[in-house]
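Source file: upload.pdb (PDB, C-alpha atoms)
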ATOM      1  CA  MET A   1       0.000   0.000   0.000  1.00  0.00           C
ATOM      2  CA  VAL A   2       1.229   3.512  -0.883  1.00  0.00           C
ATOM      3  CA  GLU A   3       1.927   5.721   2.136  1.00  0.00           C
ATOM      4  CA  LYS A   4      -0.219   8.883   2.254  1.00  0.00           C
ATOM      5  CA  VAL A   5       0.417  12.245   3.970  1.00  0.00           C
ATOM      6  CA  SER A   6      -2.170  14.849   4.935  1.00  0.00           C
ATOM      7  CA  LEU A   7      -2.402  18.205   3.160  1.00  0.00           C
ATOM      8  CA  GLY A   8      -5.076  19.391   5.584  1.00  0.00           C
ATOM      9  CA  THR A   9      -8.109  20.921   3.869  1.00  0.00           C
ATOM     10  CA  MET A  10      -6.486  21.728   0.483  1.00  0.00           C
ATOM     11  CA  PRO A  11      -9.164  21.219  -2.229  1.00  0.00           C
ATOM     12  CA  LEU A  12      -6.759  19.394  -4.561  1.00  0.00           C
ATOM     13  CA  ILE A  13      -8.895  19.149  -7.711  1.00  0.00           C
ATOM     14  CA  TYR A  14      -7.095  19.312 -11.062  1.00  0.00           C
ATOM     15  CA  PRO A  15      -7.100  20.859 -13.529  1.00  0.00           C
ATOM     16  CA  ILE A  16      -8.600  24.218 -12.633  1.00  0.00           C
ATOM     17  CA  PRO A  17      -9.675  26.011 -15.815  1.00  0.00           C
ATOM     18  CA  ILE A  18      -8.890  29.708 -15.976  1.00  0.00           C
ATOM     19  CA  VAL A  19     -11.580  31.807 -17.632  1.00  0.00           C
ATOM     20  CA  LEU A  20     -12.356  35.471 -18.126  1.00  0.00           C
ATOM     21  CA  VAL A  21     -15.827  36.289 -16.859  1.00  0.00           C
ATOM     22  CA  GLY A  22     -17.524  39.172 -18.615  1.00  0.00           C
ATOM     23  CA  CYS A  23     -20.382  41.285 -17.333  1.00  0.00           C
ATOM     24  CA  LYS A  24     -22.061  44.563 -18.119  1.00  0.00           C
ATOM     25  CA  ALA A  25     -24.402  46.689 -16.032  1.00  0.00           C
ATOM     26  CA  ASN A  26     -25.139  50.394 -15.868  1.00  0.00           C
ATOM     27  CA  GLY A  27     -22.983  50.954 -18.955  1.00  0.00           C
ATOM     28  CA  GLN A  28     -19.881  49.411 -17.368  1.00  0.00           C
ATOM     29  CA  VAL A  29     -18.148  46.420 -18.985  1.00  0.00           C
ATOM     30  CA  ASN A  30     -15.768  44.354 -16.890  1.00  0.00           C
ATOM     31  CA  PHE A  31     -13.730  41.173 -17.239  1.00  0.00           C
ATOM     32  CA  ALA A  32     -12.292  39.230 -14.323  1.00  0.00           C
ATOM     33  CA  THR A  33     -10.099  36.145 -14.099  1.00  0.00           C
ATOM     34  CA  PHE A  34     -11.820  33.175 -12.472  1.00  0.00           C
ATOM     35  CA  GLY A  35     -10.601  29.748 -11.455  1.00  0.00           C
ATOM     36  CA  ASP A  36     -13.695  29.044  -9.386  1.00  0.00           C
ATOM     37  CA  VAL A  37     -15.869  27.941 -12.293  1.00  0.00           C
ATOM     38  CA  GLY A  38     -17.234  24.604 -13.392  1.00  0.00           C
ATOM     39  CA  LEU A  39     -19.766  22.420 -15.127  1.00  0.00           C
ATOM     40  CA  MET A  40     -22.930  21.461 -13.254  1.00  0.00           C
ATOM     41  CA  GLY A  41     -24.671  19.503 -15.985  1.00  0.00           C
ATOM     42  CA  ILE A  42     -25.132  19.075 -19.702  1.00  0.00           C
ATOM     43  CA  ASN A  43     -28.918  18.658 -19.926  1.00  0.00           C
ATOM     44  CA  PRO A  44     -29.837  21.351 -19.070  1.00  0.00           C
ATOM     45  CA  PRO A  45     -26.464  23.021 -19.741  1.00  0.00           C
ATOM     46  CA  LEU A  46     -25.518  24.585 -16.385  1.00  0.00           C
ATOM     47  CA  LEU A  47     -22.291  26.241 -15.255  1.00  0.00           C
ATOM     48  CA  PHE A  48     -21.345  27.823 -11.936  1.00  0.00           C
ATOM     49  CA  LEU A  49     -19.166  30.715 -10.795  1.00  0.00           C
ATOM     50  CA  SER A  50     -17.966  31.465  -7.297  1.00  0.00           C
ATOM     51  CA  SER A  51     -17.007  35.103  -6.777  1.00  0.00           C
ATOM     52  CA  HIS A  52     -15.859  37.083  -3.746  1.00  0.00           C
ATOM     53  CA  ARG A  53     -18.794  39.095  -2.434  1.00  0.00           C
ATOM     54  CA  ASP A  54     -16.855  42.390  -2.607  1.00  0.00           C
ATOM     55  CA  HIS A  55     -15.732  42.139  -6.242  1.00  0.00           C
ATOM     56  CA  LEU A  56     -17.095  44.471  -8.912  1.00  0.00           C
ATOM     57  CA  THR A  57     -17.888  41.426 -11.055  1.00  0.00           C
ATOM     58  CA  THR A  58     -20.224  40.123  -8.346  1.00  0.00           C
ATOM     59  CA  ASP A  59     -22.130  43.409  -8.261  1.00  0.00           C
ATOM     60  CA  LEU A  60     -22.408  43.618 -12.060  1.00  0.00           C
ATOM     61  CA  ILE A  61     -23.659  40.032 -12.436  1.00  0.00           C
ATOM     62  CA  LYS A  62     -26.228  40.582  -9.676  1.00  0.00           C
ATOM     63  CA  GLU A  63     -27.439  43.697 -11.495  1.00  0.00           C
ATOM     64  CA  ALA A  64     -27.524  42.219 -15.022  1.00  0.00           C
ATOM     65  CA  GLY A  65     -28.539  38.628 -14.249  1.00  0.00           C
ATOM     66  CA  ILE A  66     -26.281  37.403 -17.055  1.00  0.00           C
ATOM     67  CA  PHE A  67     -22.564  36.848 -17.627  1.00  0.00           C
ATOM     68  CA  SER A  68     -20.116  35.459 -20.138  1.00  0.00           C
ATOM     69  CA  ILE A  69     -17.376  32.897 -19.748  1.00  0.00           C
ATOM     70  CA  ASN A  70     -14.513  33.497 -22.155  1.00  0.00           C
ATOM     71  CA  ILE A  71     -11.915  30.739 -22.355  1.00  0.00           C
ATOM     72  CA  PRO A  72      -8.504  32.215 -23.187  1.00  0.00           C
ATOM     73  CA  ASP A  73      -5.735  30.270 -24.866  1.00  0.00           C
ATOM     74  CA  THR A  74      -2.136  30.385 -23.649  1.00  0.00           C
ATOM     75  CA  ASN A  75      -1.362  33.347 -25.950  1.00  0.00           C
ATOM     76  CA  LEU A  76      -3.525  35.452 -23.603  1.00  0.00           C
ATOM     77  CA  LEU A  77      -1.752  34.412 -20.389  1.00  0.00           C
ATOM     78  CA  GLU A  78      -0.363  37.859 -19.528  1.00  0.00           C
ATOM     79  CA  LYS A  79      -3.663  39.695 -20.124  1.00  0.00           C
ATOM     80  CA  THR A  80      -5.571  36.959 -18.298  1.00  0.00           C
ATOM     81  CA  ASP A  81      -3.306  37.267 -15.271  1.00  0.00           C
ATOM     82  CA  THR A  82      -3.638  41.073 -15.384  1.00  0.00           C
ATOM     83  CA  CYS A  83      -7.426  40.702 -15.152  1.00  0.00           C
ATOM     84  CA  GLY A  84      -6.907  38.702 -11.959  1.00  0.00           C
ATOM     85  CA  ILE A  85      -4.589  41.293 -10.420  1.00  0.00           C
ATOM     86  CA  ALA A  86      -6.306  44.570 -11.321  1.00  0.00           C
ATOM     87  CA  SER A  87      -9.683  45.731 -10.051  1.00  0.00           C
ATOM     88  CA  GLY A  88     -12.319  46.850 -12.531  1.00  0.00           C
ATOM     89  CA  ARG A  89     -12.984  49.729 -10.145  1.00  0.00           C
ATOM     90  CA  GLU A  90      -9.501  51.090 -10.928  1.00  0.00           C
ATOM     91  CA  MET A  91      -8.772  49.850 -14.467  1.00  0.00           C
ATOM     92  CA  ASP A  92     -10.776  49.491 -17.669  1.00  0.00           C
ATOM     93  CA  LYS A  93      -9.996  45.819 -18.307  1.00  0.00           C
ATOM     94  CA  ALA A  94     -12.309  45.754 -21.323  1.00  0.00           C
ATOM     95  CA  ALA A  95      -9.746  47.998 -23.071  1.00  0.00           C
ATOM     96  CA  LEU A  96      -7.334  45.029 -23.086  1.00  0.00           C
ATOM     97  CA  PHE A  97      -9.519  43.127 -25.561  1.00  0.00           C
ATOM     98  CA  GLU A  98     -11.644  43.388 -28.676  1.00  0.00           C
ATOM     99  CA  VAL A  99     -15.135  43.178 -27.166  1.00  0.00           C
ATOM    100  CA  PHE A 100     -18.145  41.925 -29.108  1.00  0.00           C
ATOM    101  CA  TYR A 101     -21.658  40.685 -28.347  1.00  0.00           C
ATOM    102  CA  GLY A 102     -23.500  37.519 -29.283  1.00  0.00           C
ATOM    103  CA  SER A 103     -27.242  37.108 -28.857  1.00  0.00           C
ATOM    104  CA  VAL A 104     -27.352  39.027 -25.544  1.00  0.00           C
ATOM    105  CA  GLU A 105     -26.263  42.666 -25.169  1.00  0.00           C
ATOM    106  CA  GLN A 106     -25.571  42.375 -21.421  1.00  0.00           C
ATOM    107  CA  ALA A 107     -22.930  39.659 -21.906  1.00  0.00           C
ATOM    108  CA  PRO A 108     -19.694  41.115 -23.325  1.00  0.00           C
ATOM    109  CA  LEU A 109     -17.473  38.604 -25.123  1.00  0.00           C
ATOM    110  CA  ILE A 110     -13.739  38.621 -25.913  1.00  0.00           C
ATOM    111  CA  SER A 111     -12.915  38.130 -29.584  1.00  0.00           C
ATOM    112  CA  GLU A 112      -9.386  36.847 -28.849  1.00  0.00           C
ATOM    113  CA  CYS A 113     -10.730  33.955 -26.726  1.00  0.00           C
ATOM    114  CA  PRO A 114     -11.383  30.780 -28.761  1.00  0.00           C
ATOM    115  CA  VAL A 115     -14.525  29.933 -26.766  1.00  0.00           C
ATOM    116  CA  ASN A 116     -17.244  32.286 -25.493  1.00  0.00           C
ATOM    117  CA  ILE A 117     -20.243  31.148 -23.454  1.00  0.00           C
ATOM    118  CA  ILE A 118     -23.228  33.306 -22.485  1.00  0.00           C
ATOM    119  CA  CYS A 119     -25.040  32.274 -19.294  1.00  0.00           C
ATOM    120  CA  GLN A 120     -28.315  33.472 -17.818  1.00  0.00           C
ATOM    121  CA  VAL A 121     -28.313  33.419 -14.009  1.00  0.00           C
ATOM    122  CA  VAL A 122     -30.952  30.912 -12.875  1.00  0.00           C
ATOM    123  CA  HIS A 123     -29.955  30.790  -9.216  1.00  0.00           C
ATOM    124  CA  GLN A 124     -27.572  32.544  -6.868  1.00  0.00           C
ATOM    125  CA  PHE A 125     -26.731  32.299  -3.211  1.00  0.00           C
ATOM    126  CA  ALA A 126     -24.104  33.378  -0.699  1.00  0.00           C
ATOM    127  CA  ILE A 127     -21.958  31.132   1.440  1.00  0.00           C
ATOM    128  CA  GLN A 128     -19.443  32.710   3.788  1.00  0.00           C
ATOM    129  CA  HIS A 129     -17.678  35.443   1.751  1.00  0.00           C
ATOM    130  CA  ARG A 130     -18.537  33.871  -1.620  1.00  0.00           C
ATOM    131  CA  GLN A 131     -21.401  34.605  -4.009  1.00  0.00           C
ATOM    132  CA  LEU A 132     -22.271  31.620  -6.191  1.00  0.00           C
ATOM    133  CA  PHE A 133     -24.016  32.017  -9.517  1.00  0.00           C
ATOM    134  CA  ILE A 134     -25.572  29.136 -11.416  1.00  0.00           C
ATOM    135  CA  GLY A 135     -25.977  30.008 -15.068  1.00  0.00           C
ATOM    136  CA  GLN A 136     -27.830  28.249 -17.839  1.00  0.00           C
ATOM    137  CA  VAL A 137     -26.004  28.380 -21.166  1.00  0.00           C
ATOM    138  CA  VAL A 138     -27.796  30.630 -23.649  1.00  0.00           C
ATOM    139  CA  GLU A 139     -25.232  30.477 -26.453  1.00  0.00           C
ATOM    140  CA  THR A 140     -21.744  29.043 -27.037  1.00  0.00           C
ATOM    141  CA  LEU A 141     -19.463  30.482 -29.699  1.00  0.00           C
ATOM    142  CA  ILE A 142     -16.148  29.024 -30.883  1.00  0.00           C
ATOM    143  CA  ASP A 143     -13.504  30.083 -33.402  1.00  0.00           C
ATOM    144  CA  LYS A 144     -14.333  28.500 -36.762  1.00  0.00           C
ATOM    145  CA  ASP A 145     -10.792  27.177 -37.208  1.00  0.00           C
ATOM    146  CA  ARG A 146     -11.009  25.228 -33.948  1.00  0.00           C
ATOM    147  CA  VAL A 147     -13.933  22.984 -34.886  1.00  0.00           C
ATOM    148  CA  VAL A 148     -14.432  19.891 -37.019  1.00  0.00           C
ATOM    149  CA  GLU A 149     -17.583  18.408 -38.475  1.00  0.00           C
ATOM    150  CA  GLU A 150     -18.359  14.869 -37.370  1.00  0.00           C
ATOM    151  CA  ASP A 151     -21.579  13.025 -38.228  1.00  0.00           C
ATOM    152  CA  GLY A 152     -23.114  16.278 -39.444  1.00  0.00           C
ATOM    153  CA  LYS A 153     -22.392  18.123 -36.173  1.00  0.00           C
ATOM    154  CA  LEU A 154     -19.732  20.647 -35.270  1.00  0.00           C
ATOM    155  CA  ARG A 155     -17.512  19.853 -32.290  1.00  0.00           C
ATOM    156  CA  PRO A 156     -14.265  21.301 -30.911  1.00  0.00           C
ATOM    157  CA  LYS A 157     -11.122  19.807 -32.470  1.00  0.00           C
ATOM    158  CA  GLY A 158      -9.899  18.948 -28.982  1.00  0.00           C
ATOM    159  CA  LEU A 159      -8.189  20.409 -25.980  1.00  0.00           C
ATOM    160  CA  GLU A 160      -4.857  20.842 -27.734  1.00  0.00           C
ATOM    161  CA  ALA A 161      -6.504  22.961 -30.452  1.00  0.00           C
ATOM    162  CA  LEU A 162      -8.186  25.138 -27.807  1.00  0.00           C
ATOM    163  CA  ASP A 163      -4.910  25.438 -25.827  1.00  0.00           C
ATOM    164  CA  PRO A 164      -6.622  26.526 -22.560  1.00  0.00           C
ATOM    165  CA  ILE A 165      -4.853  27.823 -19.474  1.00  0.00           C
ATOM    166  CA  PHE A 166      -4.987  25.707 -16.329  1.00  0.00           C
ATOM    167  CA  TYR A 167      -4.127  26.821 -12.817  1.00  0.00           C
ATOM    168  CA  ALA A 168      -2.791  24.619 -10.060  1.00  0.00           C
ATOM    169  CA  LEU A 169      -2.647  25.081  -6.319  1.00  0.00           C
ATOM    170  CA  ASP A 170       1.135  25.409  -6.592  1.00  0.00           C
ATOM    171  CA  ASN A 171       0.344  28.931  -7.930  1.00  0.00           C
ATOM    172  CA  ARG A 172       1.483  28.093 -11.472  1.00  0.00           C
ATOM    173  CA  TYR A 173      -0.244  28.080 -14.855  1.00  0.00           C
ATOM    174  CA  TYR A 174      -0.153  25.011 -17.118  1.00  0.00           C
ATOM    175  CA  ARG A 175      -1.266  23.978 -20.602  1.00  0.00           C
ATOM    176  CA  SER A 176      -2.887  20.764 -21.802  1.00  0.00           C
ATOM    177  CA  GLY A 177      -1.175  17.790 -23.393  1.00  0.00           C
ATOM    178  CA  PRO A 178      -2.269  15.119 -25.856  1.00  0.00           C
ATOM    179  CA  ALA A 179      -5.347  12.968 -25.215  1.00  0.00           C
ATOM    180  CA  ILE A 180      -4.655   9.649 -23.451  1.00  0.00           C
ATOM    181  CA  GLY A 181      -7.998   7.880 -23.947  1.00  0.00           C
ATOM    182  CA  ILE A 182     -11.646   8.164 -24.968  1.00  0.00           C
ATOM    183  CA  GLY A 183     -14.332   8.773 -22.348  1.00  0.00           C
ATOM    184  CA  TYR A 184     -16.512   5.798 -21.500  1.00  0.00           C
ATOM    185  CA  GLN A 185     -14.666   3.703 -24.103  1.00  0.00           C
ATOM    186  CA  THR A 186     -11.136   3.162 -22.799  1.00  0.00           C
ATOM    187  CA  GLY A 187     -12.353   1.068 -19.839  1.00  0.00           C
ATOM    188  CA  LYS A 188     -14.089  -1.392 -22.146  1.00  0.00           C
ATOM    189  CA  ARG A 189     -10.705  -2.847 -23.081  1.00  0.00           C
ATOM    190  CA  GLN A 190     -10.343  -4.576 -19.706  1.00  0.00           C
TER     191      GLN A 190
END

For the structure just supplied, provide its representation as structure tokens.
Amino acid sequence: MVEKVSLGTMPLIYPIPIVLVGCKANGQVNFATFGDVGLMGINPPLLFLSSHRDHLTTDLIKEAGIFSINIPDTNLLEKTDTCGIASGREMDKAALFEVFYGSVEQAPLISECPVNIICQVVHQFAIQHRQLFIGQVVETLIDKDRVVEEDGKLRPKGLEALDPIFYALDNRYYRSGPAIGIGYQTGKRQ
């Protein structure tokens, strides 16, 4: 048996996707770097965000009831990190990007990000100093050169083509590697 050591309460879940959350309320557009984001289900398509209660992003999402998740590739690492350091109350972070809109005017999107997802808030609640937003996907956009057609449907070429940024609890950013198996198929070989 392998010997284990305790890390205390560290929530050691990997990988942590890094996204840029967009919001717009009262004429103000803001983008913030988030690692506290995830998938809650595919049918219906639900995502969640966990934001500090005092952040501008939290206030803007509460006001608008909608937000965007923009998935940067590794070419945007410096700007993505800047959006996690600077406050939207002190810096116009939207000026860092080419901003556009999909089907919803209150959800600003970043053109340079290969994937953009618009989410309508369907539930929110506070826990300790965090505000959690559950959003239902309204629209997902992806760069045309990062998709393939398979069986008459478009799908992403794969993680390597998207080249997302991952964050780890060692305070470092990482990139993805090649696929090592196929979901719900690889285990059938046993």

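For the residues A:Pro45, A:Gly38, A:Gly84, A:Gly183, ranking by smallest atom-to-atom distance to Pro15 (chain A) using only C-alpha atoms places A:Gly38 first.
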
Explicit residue set for the PyMOL selection byres ((chain A and resi 144) around 12), as an NGL selection string: :A and (113-115 or 141-143 or 145-149 or 154-157 or 161-162)

Identify all residues satisfying the PyMOL selection byres ((chain A and resi 62) around 12) in the given file; provide them as a PDB file with C-alpha atoms, keeping the file's coordinate frame.
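The resulting file, part33.pdb, is shown below:
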ATOM      1  CA  CYS A  23     -20.382  41.285 -17.333  1.00  0.00           C
ATOM      2  CA  LYS A  24     -22.061  44.563 -18.119  1.00  0.00           C
ATOM      3  CA  ALA A  25     -24.402  46.689 -16.032  1.00  0.00           C
ATOM      4  CA  ASN A  26     -25.139  50.394 -15.868  1.00  0.00           C
ATOM      5  CA  SER A  51     -17.007  35.103  -6.777  1.00  0.00           C
ATOM      6  CA  ARG A  53     -18.794  39.095  -2.434  1.00  0.00           C
ATOM      7  CA  ASP A  54     -16.855  42.390  -2.607  1.00  0.00           C
ATOM      8  CA  HIS A  55     -15.732  42.139  -6.242  1.00  0.00           C
ATOM      9  CA  LEU A  56     -17.095  44.471  -8.912  1.00  0.00           C
ATOM     10  CA  THR A  57     -17.888  41.426 -11.055  1.00  0.00           C
ATOM     11  CA  THR A  58     -20.224  40.123  -8.346  1.00  0.00           C
ATOM     12  CA  ASP A  59     -22.130  43.409  -8.261  1.00  0.00           C
ATOM     13  CA  LEU A  60     -22.408  43.618 -12.060  1.00  0.00           C
ATOM     14  CA  ILE A  61     -23.659  40.032 -12.436  1.00  0.00           C
ATOM     15  CA  GLU A  63     -27.439  43.697 -11.495  1.00  0.00           C
ATOM     16  CA  ALA A  64     -27.524  42.219 -15.022  1.00  0.00           C
ATOM     17  CA  GLY A  65     -28.539  38.628 -14.249  1.00  0.00           C
ATOM     18  CA  ILE A  66     -26.281  37.403 -17.055  1.00  0.00           C
ATOM     19  CA  PHE A  67     -22.564  36.848 -17.627  1.00  0.00           C
ATOM     20  CA  GLN A 106     -25.571  42.375 -21.421  1.00  0.00           C
ATOM     21  CA  GLN A 120     -28.315  33.472 -17.818  1.00  0.00           C
ATOM     22  CA  VAL A 121     -28.313  33.419 -14.009  1.00  0.00           C
ATOM     23  CA  VAL A 122     -30.952  30.912 -12.875  1.00  0.00           C
ATOM     24  CA  HIS A 123     -29.955  30.790  -9.216  1.00  0.00           C
ATOM     25  CA  GLN A 124     -27.572  32.544  -6.868  1.00  0.00           C
ATOM     26  CA  PHE A 125     -26.731  32.299  -3.211  1.00  0.00           C
ATOM     27  CA  ALA A 126     -24.104  33.378  -0.699  1.00  0.00           C
ATOM     28  CA  GLN A 131     -21.401  34.605  -4.009  1.00  0.00           C
ATOM     29  CA  LEU A 132     -22.271  31.620  -6.191  1.00  0.00           C
ATOM     30  CA  PHE A 133     -24.016  32.017  -9.517  1.00  0.00           C
ATOM     31  CA  ILE A 134     -25.572  29.136 -11.416  1.00  0.00           C
ATOM     32  CA  GLY A 135     -25.977  30.008 -15.068  1.00  0.00           C
TER      33      GLY A 135
END

Can you list, as a PDB file with C-alpha atoms, keeping the file's coordinate frame, every protein, DNA or RNA residue that comes within 6 Å of region 73-82 of chain A when you count only C-alpha atoms, leaving out same-chain residues fewer than 6 positions away?
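Contents of the output file part38.pdb:
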ATOM      1  CA  ASP A 163      -4.910  25.438 -25.827  1.00  0.00           C
ATOM      2  CA  PRO A 164      -6.622  26.526 -22.560  1.00  0.00           C
ATOM      3  CA  ILE A 165      -4.853  27.823 -19.474  1.00  0.00           C
TER       4      ILE A 165
END

Interatomic distance (Å, one decimal) between CA of Leu109 (chain A) and CA of Arg175 (chain A):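 Distance reported for this atom pair: 22.3 Å.
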
Gap from CA of Pro17 (chain A) to CA of Ile118 (chain A) - Å, one decimal: 16.8 Å

Distance criterion (all atoms listed in the file): nearest to Met40 (chain A) out of A:Val137, A:Gly8, A:Val19, A:Gly152: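 Smallest distance to Met40 (chain A) is found for A:Val137.
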
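Here CA of Gln185 (chain A) is placed at a distance of 16.7 Å from CA of Gly158 (chain A).
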
Test item: the PyMOL selection byres ((chain A and resi 102) around 10) resolved as JSON, numbers by chain: {"A": [68, 100, 101, 103, 104, 105, 106, 107, 108, 109, 116, 117, 118, 138, 139, 140, 141]}

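Taking only C-alpha atoms into account, Asn171 (chain A) lies nearest to A:Ile16 out of the set A:Ile16, A:Leu159, A:Met1, A:Leu7.
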
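Shortest separation to Asn70 (chain A) among A:Met10, A:Ile18, A:Leu96, A:Ile182 occurs at residue A:Ile18, atoms counted being all atoms listed in the file.
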
From A:Glu160, A:Leu12, A:Gln136, A:Pro72, residue lying nearest Leu46 (chain A) [only C-alpha atoms]: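 Of A:Glu160, A:Leu12, A:Gln136, A:Pro72, the one nearest Leu46 (chain A), counting only C-alpha atoms, is A:Gln136.
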
Pick from A:Ile110, A:Cys119, A:Cys83, A:Val2, whichever lies nearest to Phe34 (chain A) using all atoms listed in the file: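 So, comparing all the options, the nearest one is A:Cys83.
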